[in-house]
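In what follows, a single structure is set out as structure tokens and then discussed.
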Amino acid sequence: MTQGGSAAAAARSPDYSNVQLTALVALRMLIGWHFFYEGLAKLLNPYWTSAGYLSESKWWFSELFVSLAASPGTLSVVDFLNSWGLVAIGLGLMLGCLTRAATIAGMVLLFLYYIAAPPFVGYVYAMPAEGAYLIVNKVLIELAAMFVLLVFPTSMIFGLDRLIFWKRIAGGRSREVLTAAEGVR
Amino acid sequence: MSDERTNDVVGQAGQEPEATEMTGKGIGRRDVIKALASIPIFGVFFYSFFKKKAGDDFRRSEILAELGVSEGAPAYIPEAISRSPGEHVRVGIIGFGGEGESLVRNAGFAHPEWIAERQEEMKEDPRNDWYQSYIDQEDLNISITGVCDVFDVRAERGLAASKVDLRPGGGRVMPEATRFLRYTDMLESPDVDAVIIATPDHWHSQMTIDAAAAGKHVYCEKAMTRTEEETRAMYEAVKSSDIVFQLGHQNRQVESHMKAREIIEKDILGPICLIETTTNRNSPNGAWVYDIHEEGSPETIDWEQFEGPAPNKVPFSLERFFRWRCWFDYGTGLSGDLLSHEYDAVNQILDVGIPHSAVASGGVYFYKDGRDVPDIFQAVFEYPDRDLTFMYSATLANGKRRGKMFMGHDATMEVGSGLTVRAERESTRFEQKIDDDIIDPSLPLFTYRPGFKGIDAVTSATEEYFASRGLLYTYRGGKRVSAYHLHIKEWLDVIRNGGDPSCNIERGFEEAMTCHMATRAYQLGRKVEWDPVRRRIV
């Protein structure tokens with residue numbers, strides 16, 4: 001969107017087909033739904049804490065994650081940021097509101113989840129997992145799916161970003177700008 | 001074709017701004033619709049969200065209403081409100097071995113080496129926060145003024161701890177304690193108000209009797225005594241004195257046990273006919289094969305004083321000194337060391353008192369190291385007046401965790417550092433709710449998780465996993481506290497303000513007699529009974 005208005009950007013429009021657009025928006029909604037509910041469920045459960053997940057951390061960054069869990073002060077900050085972060089990211093994706101920022105934030109969060117407890121060979125976690133994983137787990141797959149959303153944005157076509165960025169993009173020649181916006185990387 | 005359609009979409013959208021450009025806003029109706037395209041999905045989300053929440057809340061409130069148990073921490077917590085420390089109490093410690101050192105540390109005086117080691121451990125692993133737990137302790141406003149141990153090295157350690165310069169809770173650094181070579185000298189000292197007795201069991205009774213005669217308050221480690229006769233003598237001495245006596249069953253302070261008591265009082269389990277408790281250890285340390293200190297010798301250990309009231313006098317033995325729990329001359333093995341804990345927890349939760357009868361069996365099957373106490377030991381106690389059997393099963397040669405189970409007709413309660421209640425599938429009381437799918441017998445009815453705010457009607461495997469961990473600590477207002485610390489604090493509070501400690505001489509008498517019934521049944525190889533009139537084991 002930063003290139004919005006330039007003819008070059010307009011020329012790079014990916015021109016989604018209806019099916020492509022449907023698939024991308026559906027993926028955005030599903031991931032947004034997942035984040036939103038994960039966040040709400042944590043906010044509504046007074047007993048929820050990330051302490052268990054963090055203190056089970058393995059691999060290179062385990063010291064950092066464990067130290068976060070060890071201090072009640074930092075733990076409450078982590079819990080707060082995580083729950084509200086999930087809610088905000090979920091809303092961003094579902095509403096198509098500041099979706100690019102939400103997508104990047106979601107990827108960062110998923111990346112942290114992944115490196116905190118990667119399913120590498122030889123690592124056994126006491127926390128029960130709902131499946132069997134070797135290097136690739138669902139966190140990593142969701143992370144990759146969000147990468148797809150990042151490079152194939154749809155929030156300017158279906159989403160509040162259409163209105164949020166309207167003024168900026170409407171400053172130029174509308175049709176070209178919008179075409180660029182809808183196809184922008 | 002796809003290109004055409006995309007262009008169509010873009011074209012439609014693109015036309016709107018042009019069409020509305022005259023209004024100066026540049027946003028058309030179609031743009032707003034597209035911008036808000038996800039609203040129907042939100043509709044579905046919130047519909048299902050509130051439906052699920054309403055269902056969960058309904059089940060939860062139905063279950064809690066049925067049970068009548070409050071959420072949150074136990075309703076009754078002794079000393080829940082911290083009182084002002086009050087007058088200064090000068091404490092003497094008799095026996096500065098592993099347990100004695102731990103008690104003194106939890107009273108606010110850690111040995112400097114212990115502090116250094118824990119600080120080092122914490123650097124390596126922040127989860128290892130023993131040091132922090134020590135430093136966060138409340139200052140009990142006491143000083144350690146006397147140390148008595150028959151082993152010079154341990155006495156010196158006690159002296160070093162008494163003047164440690166890193167005190168928890170902002171406590172002052174205290175002057176070094178006096179070392180007394182004999183405990184009787186300590187009891188005569190005007191600088192000692194109260195004593196902690198953490199010697200081998202065979203000394204507990206005589207020392208407490210002497211302390212009571214000298215007017216010194218007593219905190220005595222469990223098991224209370226080594227024999228039935230000692231128990232009676234000790235009971236009489238404490239009862240006829242004004243001292244405050246606390247037996248060292250720190251489980252009395254554990255929140256989950258208080259919650260368990262509440263659950264029993266609400267009759268959630270239905271008739272309880274069987275209680276199963278266990279000990280499961282599988283290490284030399286767990287079987288009392290403790291390290292023999294390299295400096296231990298007839299020169300550094302006062303062997304004669306160590307033996308004291310032990311029935312059989314033998315020549316100096318490092319094994320017997322450092323691993324005394326392995327011989328009936330000094331203790332009662334599993335009975336006094338670990339059955340005593342399990343029994344006292346059950347007595348705390350159910351007020352069972354002394355059983356009608358006991359049988360016991362076992363043997364030295366694994367540690368054939370010269371010990372005479374069994375390493376596999378089973379005891380069964382009958383309470384016909386209460387239609388109840390209390391069973392204790394112990395092994396020192398296998399570590400599989402077996403929980404403490406209260407087995408009722410309507411539900412089973414497993415008590416550890418946490419607490420889990422599961423409904424019985426064939427329960428009478430919960431039959432309707434099981435039929436209505438409000439209660440699922442395959443899930444815990446609820447789990448009480450220490451450290452958190454309360455109990456949860458619907459729980460997950462993850463939460464259960466956490467509930468089953470941790471034993472040395474309990475919780476007050478969500479804050480982790482050492483159970484030892486609380487137990488000593490309770491004793492000091494009663495010394496200062498009056499009242500009755502939770503593990504007083506009555507509870508101690510019950511604990512000791514119950515354990516001795518098991519020991520006697522094992523030794524005699526027959527069933528023994530309690531004569532409630534003559535208050536004797538027969």
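Order determines the names: the first chain of the structure tokens is A, the second B, and so forth; residues in each chain are numbered 1 upward, and ligands are numbered 1 upward as they are shown.
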Would you kindly return, as JSON, numbers by chain, each protein, DNA or RNA residue with an atom no farther than 12 Å from any atom of B:Gln378, considering only C-alpha atoms and excluding same-chain residues fewer than 2 positions away? {"B": [276, 277, 278, 279, 280, 334, 335, 338, 339, 358, 359, 360, 361, 362, 363, 374, 375, 376, 380, 381, 390, 391, 392, 393, 394, 395, 396, 515, 518, 519, 521, 522]}
Using only C-alpha atoms, which chain A residues lie at most 6 Å away from chain B, written as a ChimeraX atom specification? /A:17,67,70,95,158-160,162,175
Non-local contacts of A:Ala26 (12 Å; only C-alpha atoms; under 3 positions in same chain excluded) as an NGL selection string: (:A and (18-23 or 29-33 or 93-94 or 96 or 145 or 149 or 154-155 or 158)) or (:B and (37-38 or 41))
Same residues, all heavy atoms, saved as a compact mmCIF listing (two decimals), in the first residue's frame:
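Dumped everything to part.txt:
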# COMPACT_ATOMS: atom_id res chain seq x y z
N ASN A 18 -12.00 -15.05 -8.75
CA ASN A 18 -13.00 -15.14 -7.68
C ASN A 18 -12.69 -16.29 -6.73
O ASN A 18 -12.81 -16.18 -5.52
CB ASN A 18 -14.39 -15.35 -8.27
CG ASN A 18 -15.14 -14.03 -8.32
OD1 ASN A 18 -14.55 -12.99 -8.02
ND2 ASN A 18 -16.40 -14.08 -8.70
N VAL A 19 -12.28 -17.41 -7.31
CA VAL A 19 -11.98 -18.58 -6.50
C VAL A 19 -10.78 -18.30 -5.61
O VAL A 19 -10.76 -18.61 -4.42
CB VAL A 19 -11.73 -19.81 -7.40
CG1 VAL A 19 -11.31 -21.01 -6.54
CG2 VAL A 19 -12.96 -20.13 -8.20
N GLN A 20 -9.78 -17.69 -6.19
CA GLN A 20 -8.58 -17.35 -5.42
C GLN A 20 -8.93 -16.40 -4.28
O GLN A 20 -8.51 -16.58 -3.14
CB GLN A 20 -7.53 -16.69 -6.32
CG GLN A 20 -6.87 -17.68 -7.27
CD GLN A 20 -6.06 -16.99 -8.35
OE1 GLN A 20 -6.33 -15.84 -8.71
NE2 GLN A 20 -5.09 -17.72 -8.87
N LEU A 21 -9.74 -15.40 -4.62
CA LEU A 21 -10.12 -14.42 -3.61
C LEU A 21 -10.91 -15.10 -2.49
O LEU A 21 -10.67 -14.87 -1.30
CB LEU A 21 -10.97 -13.32 -4.27
CG LEU A 21 -11.27 -12.10 -3.39
CD1 LEU A 21 -10.00 -11.40 -2.97
CD2 LEU A 21 -12.16 -11.13 -4.16
N THR A 22 -11.82 -15.97 -2.88
CA THR A 22 -12.61 -16.69 -1.88
C THR A 22 -11.71 -17.52 -0.97
O THR A 22 -11.85 -17.50 0.26
CB THR A 22 -13.62 -17.62 -2.58
OG1 THR A 22 -14.37 -16.85 -3.50
CG2 THR A 22 -14.55 -18.28 -1.57
N ALA A 23 -10.77 -18.22 -1.58
CA ALA A 23 -9.87 -19.07 -0.79
C ALA A 23 -9.05 -18.23 0.19
O ALA A 23 -8.90 -18.59 1.38
CB ALA A 23 -8.95 -19.86 -1.71
N MET A 29 -10.25 -15.59 7.41
CA MET A 29 -11.32 -15.69 8.41
C MET A 29 -11.05 -16.82 9.39
O MET A 29 -11.25 -16.68 10.59
CB MET A 29 -12.67 -15.94 7.72
CG MET A 29 -13.19 -14.77 6.93
SD MET A 29 -13.52 -13.36 7.99
CE MET A 29 -13.47 -12.04 6.80
N LEU A 30 -10.61 -17.95 8.86
CA LEU A 30 -10.39 -19.11 9.72
C LEU A 30 -9.27 -18.85 10.72
O LEU A 30 -9.40 -19.13 11.92
CB LEU A 30 -10.07 -20.34 8.88
CG LEU A 30 -11.22 -20.85 8.00
CD1 LEU A 30 -10.75 -22.01 7.12
CD2 LEU A 30 -12.40 -21.28 8.86
N ILE A 31 -8.18 -18.29 10.23
CA ILE A 31 -7.06 -18.01 11.14
C ILE A 31 -7.46 -16.93 12.13
O ILE A 31 -7.15 -17.00 13.32
CB ILE A 31 -5.80 -17.64 10.33
CG1 ILE A 31 -5.34 -18.85 9.52
CG2 ILE A 31 -4.69 -17.16 11.26
CD1 ILE A 31 -4.14 -18.60 8.64
N GLY A 32 -8.20 -15.93 11.60
CA GLY A 32 -8.66 -14.86 12.50
C GLY A 32 -9.57 -15.42 13.59
O GLY A 32 -9.43 -15.09 14.77
N TRP A 33 -10.46 -16.30 13.20
CA TRP A 33 -11.38 -16.95 14.15
C TRP A 33 -10.58 -17.69 15.23
O TRP A 33 -10.83 -17.56 16.42
CB TRP A 33 -12.28 -17.92 13.37
CG TRP A 33 -13.30 -18.65 14.19
CD1 TRP A 33 -13.06 -19.47 15.24
CD2 TRP A 33 -14.72 -18.63 14.02
NE1 TRP A 33 -14.23 -19.96 15.74
CE2 TRP A 33 -15.27 -19.46 15.01
CE3 TRP A 33 -15.58 -18.00 13.11
CZ2 TRP A 33 -16.64 -19.69 15.12
CZ3 TRP A 33 -16.94 -18.21 13.23
CH2 TRP A 33 -17.47 -19.05 14.22
N LEU A 93 -7.61 -9.80 11.60
CA LEU A 93 -7.76 -10.68 10.44
C LEU A 93 -9.22 -10.82 10.02
O LEU A 93 -9.55 -10.76 8.84
CB LEU A 93 -7.18 -12.07 10.77
CG LEU A 93 -5.67 -12.15 10.90
CD1 LEU A 93 -5.25 -13.55 11.32
CD2 LEU A 93 -4.98 -11.76 9.60
N MET A 94 -10.09 -10.98 10.99
CA MET A 94 -11.50 -11.20 10.64
C MET A 94 -12.12 -9.93 10.06
O MET A 94 -12.83 -9.98 9.07
CB MET A 94 -12.29 -11.66 11.86
CG MET A 94 -11.96 -13.08 12.26
SD MET A 94 -12.86 -13.58 13.73
CE MET A 94 -14.46 -14.01 13.04
N GLY A 96 -10.51 -7.50 8.74
CA GLY A 96 -9.72 -6.92 7.68
C GLY A 96 -9.27 -5.53 8.07
O GLY A 96 -9.26 -4.60 7.26
N ALA A 145 0.78 -20.42 6.77
CA ALA A 145 -0.49 -19.95 6.20
C ALA A 145 -0.61 -18.43 6.33
O ALA A 145 -1.11 -17.75 5.44
CB ALA A 145 -1.66 -20.64 6.89
N LEU A 149 -1.06 -15.22 3.64
CA LEU A 149 -1.97 -14.06 3.78
C LEU A 149 -1.20 -12.75 3.63
O LEU A 149 -1.72 -11.77 3.10
CB LEU A 149 -2.66 -14.09 5.13
CG LEU A 149 -3.65 -15.21 5.38
CD1 LEU A 149 -4.28 -15.06 6.76
CD2 LEU A 149 -4.74 -15.23 4.31
N THR A 154 -5.91 -9.37 1.19
CA THR A 154 -7.29 -9.25 0.69
C THR A 154 -8.09 -8.20 1.45
O THR A 154 -9.22 -7.93 1.12
CB THR A 154 -8.02 -10.59 0.87
OG1 THR A 154 -7.89 -11.01 2.24
CG2 THR A 154 -7.46 -11.67 -0.04
N SER A 155 -7.49 -7.62 2.50
CA SER A 155 -8.28 -6.75 3.37
C SER A 155 -8.71 -5.46 2.70
O SER A 155 -9.63 -4.81 3.15
CB SER A 155 -7.51 -6.45 4.66
OG SER A 155 -6.36 -5.69 4.36
N PHE A 158 -11.95 -7.03 0.71
CA PHE A 158 -13.00 -7.31 1.70
C PHE A 158 -12.43 -7.03 3.08
O PHE A 158 -11.63 -7.82 3.60
CB PHE A 158 -13.45 -8.78 1.60
CG PHE A 158 -14.29 -9.05 0.40
CD1 PHE A 158 -13.82 -9.86 -0.63
CD2 PHE A 158 -15.57 -8.49 0.29
CE1 PHE A 158 -14.61 -10.11 -1.73
CE2 PHE A 158 -16.34 -8.74 -0.83
CZ PHE A 158 -15.87 -9.55 -1.84
N ALA B 37 -17.70 -7.01 5.03
CA ALA B 37 -18.09 -8.33 4.54
C ALA B 37 -18.05 -9.41 5.60
O ALA B 37 -18.75 -10.41 5.50
CB ALA B 37 -17.19 -8.71 3.37
N SER B 38 -17.21 -9.23 6.64
CA SER B 38 -17.04 -10.32 7.61
C SER B 38 -18.07 -10.28 8.74
O SER B 38 -18.04 -11.12 9.62
CB SER B 38 -15.62 -10.28 8.18
OG SER B 38 -15.38 -9.04 8.81
N ILE B 41 -19.86 -13.41 9.59
CA ILE B 41 -19.00 -14.40 10.24
C ILE B 41 -18.90 -14.09 11.73
O ILE B 41 -18.90 -14.99 12.57
CB ILE B 41 -17.63 -14.43 9.56
CG1 ILE B 41 -17.81 -14.91 8.13
CG2 ILE B 41 -16.66 -15.34 10.33
CD1 ILE B 41 -16.58 -14.89 7.29
Contact residues around stretch 99-105 of chain A with only C-alpha atoms at 8 Å, ignoring same-chain residues under 3 positions, as a ChimeraX atom specification: /A:88-90,92-93,96,108-109,146-147,149-150,153,155,161
Quick one: distance from atom CA of B:Ile272 to atom CA of B:Met405 in Å, one decimal?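 Going from atom CA of B:Ile272 over to atom CA of B:Met405, I get 10.3 Å.
By only C-alpha atoms, and with residues fewer than 3 positions from A:Ser57 along its chain excluded, the set lying at most 7 Å from it is A:Tyr53, A:Leu54, A:Ser62, A:Phe65, A:Val66, A:Ala116, A:Ala117.
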Need to verify the contact set: B:Val147, 8 Å, only C-alpha atoms, exclusion of same-chain residues closer than 3 positions in sequence. Can you return it as a ChimeraX atom specification? /B:92-96,144,155,158-159,177-180
Near-B:Glu490 list (10 Å; only C-alpha atoms; drop same-chain fewer than 2 positions) as a ChimeraX atom specification: /B:78-79,246,253,484-488,492-496,499-503
Using the selection just defined, write its residues with C-alpha atoms as a PDB file, in the first residue's frame.
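The resulting file, result24.pdb, is shown below:
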ATOM      1  CA  PRO B  78      -5.637 -21.130  60.219  1.00  0.00           C
ATOM      2  CA  GLU B  79      -3.484 -18.045  60.507  1.00  0.00           C
ATOM      3  CA  GLN B 246       3.193 -28.680  68.174  1.00  0.00           C
ATOM      4  CA  GLN B 253      -0.925 -26.238  56.686  1.00  0.00           C
ATOM      5  CA  TYR B 484       7.193 -25.962  57.327  1.00  0.00           C
ATOM      6  CA  HIS B 485       7.364 -22.211  57.699  1.00  0.00           C
ATOM      7  CA  LEU B 486       3.628 -21.951  58.259  1.00  0.00           C
ATOM      8  CA  HIS B 487       3.649 -24.775  60.761  1.00  0.00           C
ATOM      9  CA  ILE B 488       6.398 -23.178  62.849  1.00  0.00           C
ATOM     10  CA  LEU B 492       4.895 -19.234  67.526  1.00  0.00           C
ATOM     11  CA  ASP B 493       1.551 -17.466  67.067  1.00  0.00           C
ATOM     12  CA  VAL B 494      -0.013 -19.690  69.719  1.00  0.00           C
ATOM     13  CA  ILE B 495       2.944 -19.091  72.060  1.00  0.00           C
ATOM     14  CA  ARG B 496       2.385 -15.344  71.719  1.00  0.00           C
ATOM     15  CA  GLY B 499      -5.028 -20.731  71.157  1.00  0.00           C
ATOM     16  CA  ASP B 500      -4.361 -24.278  70.080  1.00  0.00           C
ATOM     17  CA  PRO B 501      -1.889 -25.451  67.462  1.00  0.00           C
ATOM     18  CA  SER B 502      -3.350 -27.635  64.704  1.00  0.00           C
ATOM     19  CA  CYS B 503      -1.179 -30.658  65.549  1.00  0.00           C
TER      20      CYS B 503
END
Tell me, which residues of stretch 107-153 of chain A carry DSSP alpha helix (DSSP H), written as a ChimeraX atom specification? /A:107-116,138-151
Selection file, N, CA, C and O atoms, as a tab-separated table (two decimals), in the first residue's frame:
chain	number	residue	atom	x	y	z
A	107	MET	N	2.39	-13.69	13.04
A	107	MET	CA	3.53	-14.53	12.66
A	107	MET	C	4.61	-14.50	13.73
A	107	MET	O	5.22	-15.53	14.05
A	108	VAL	N	4.84	-13.30	14.28
A	108	VAL	CA	5.84	-13.18	15.35
A	108	VAL	C	5.43	-14.04	16.54
A	108	VAL	O	6.23	-14.80	17.09
A	109	LEU	N	4.15	-13.96	16.91
A	109	LEU	CA	3.65	-14.72	18.06
A	109	LEU	C	3.80	-16.22	17.82
A	109	LEU	O	4.30	-16.97	18.67
A	110	LEU	N	3.39	-16.66	16.63
A	110	LEU	CA	3.49	-18.08	16.31
A	110	LEU	C	4.95	-18.54	16.29
A	110	LEU	O	5.29	-19.63	16.72
A	111	PHE	N	5.80	-17.64	15.79
A	111	PHE	CA	7.22	-17.97	15.76
A	111	PHE	C	7.74	-18.18	17.19
A	111	PHE	O	8.48	-19.11	17.47
A	112	LEU	N	7.29	-17.31	18.11
A	112	LEU	CA	7.70	-17.46	19.51
A	112	LEU	C	7.18	-18.77	20.10
A	112	LEU	O	7.90	-19.48	20.78
A	113	TYR	N	5.91	-19.10	19.78
A	113	TYR	CA	5.36	-20.37	20.28
A	113	TYR	C	6.21	-21.53	19.78
A	113	TYR	O	6.49	-22.48	20.49
A	114	TYR	N	6.57	-21.42	18.50
A	114	TYR	CA	7.30	-22.54	17.90
A	114	TYR	C	8.69	-22.70	18.52
A	114	TYR	O	9.05	-23.80	18.94
A	115	ILE	N	9.43	-21.63	18.62
A	115	ILE	CA	10.81	-21.78	19.13
A	115	ILE	C	10.82	-22.03	20.64
A	115	ILE	O	11.80	-22.52	21.17
A	116	ALA	N	9.71	-21.72	21.32
A	116	ALA	CA	9.68	-22.02	22.76
A	116	ALA	C	9.63	-23.52	22.98
A	116	ALA	O	10.24	-24.03	23.92
A	138	LYS	N	1.44	-27.88	14.09
A	138	LYS	CA	0.37	-27.03	13.58
A	138	LYS	C	0.70	-25.55	13.72
A	138	LYS	O	0.21	-24.72	12.96
A	139	VAL	N	1.52	-25.24	14.72
A	139	VAL	CA	1.93	-23.85	14.88
A	139	VAL	C	2.71	-23.41	13.64
A	139	VAL	O	2.47	-22.33	13.08
A	140	LEU	N	3.62	-24.26	13.20
A	140	LEU	CA	4.44	-23.93	12.04
A	140	LEU	C	3.58	-23.82	10.78
A	140	LEU	O	3.77	-22.93	9.95
A	141	ILE	N	2.59	-24.68	10.67
A	141	ILE	CA	1.72	-24.65	9.49
A	141	ILE	C	0.88	-23.37	9.49
A	141	ILE	O	0.73	-22.71	8.47
A	142	GLU	N	0.38	-22.99	10.66
A	142	GLU	CA	-0.41	-21.75	10.73
A	142	GLU	C	0.48	-20.55	10.42
A	142	GLU	O	0.05	-19.59	9.78
A	143	LEU	N	1.72	-20.64	10.87
A	143	LEU	CA	2.68	-19.57	10.57
A	143	LEU	C	2.87	-19.44	9.06
A	143	LEU	O	2.85	-18.34	8.50
A	144	ALA	N	3.03	-20.56	8.38
A	144	ALA	CA	3.20	-20.54	6.92
A	144	ALA	C	1.93	-20.02	6.25
A	144	ALA	O	2.00	-19.25	5.29
A	145	ALA	N	0.78	-20.42	6.77
A	145	ALA	CA	-0.49	-19.95	6.20
A	145	ALA	C	-0.61	-18.43	6.33
A	145	ALA	O	-1.11	-17.75	5.44
A	146	MET	N	-0.11	-17.89	7.44
A	146	MET	CA	-0.16	-16.44	7.61
A	146	MET	C	0.81	-15.74	6.67
A	146	MET	O	0.58	-14.60	6.26
A	147	PHE	N	1.88	-16.44	6.34
A	147	PHE	CA	2.81	-15.86	5.38
A	147	PHE	C	2.11	-15.73	4.02
A	147	PHE	O	2.27	-14.74	3.32
A	148	VAL	N	1.31	-16.72	3.69
A	148	VAL	CA	0.52	-16.64	2.46
A	148	VAL	C	-0.41	-15.43	2.51
A	148	VAL	O	-0.51	-14.66	1.56
A	149	LEU	N	-1.06	-15.22	3.64
A	149	LEU	CA	-1.97	-14.06	3.78
A	149	LEU	C	-1.20	-12.75	3.63
A	149	LEU	O	-1.72	-11.77	3.10
A	150	LEU	N	0.03	-12.76	4.10
A	150	LEU	CA	0.82	-11.53	4.06
A	150	LEU	C	1.15	-11.16	2.61
A	150	LEU	O	1.08	-9.99	2.23
A	151	VAL	N	1.50	-12.16	1.82
A	151	VAL	CA	1.91	-11.85	0.44
A	151	VAL	C	0.71	-11.84	-0.52
A	151	VAL	O	0.84	-11.38	-1.64
Distance criterion (only C-alpha atoms): nearest to B:Thr227 out of B:Arg252, B:Arg520, B:Arg526, B:Lys266: B:Arg520
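Atom CA of B:Lys216 is found 6.3 Å from atom CA of B:Ile243.
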Would you list, as a PyMOL selection string, the residues of stretch 232-457 of chain B that end up in strand (DSSP E) under DSSP run on this structure's backbone? chain B and resi 245-247+272-280+357-363+376-383+388-395+404-408+411-415+419-423+444-448+455-456
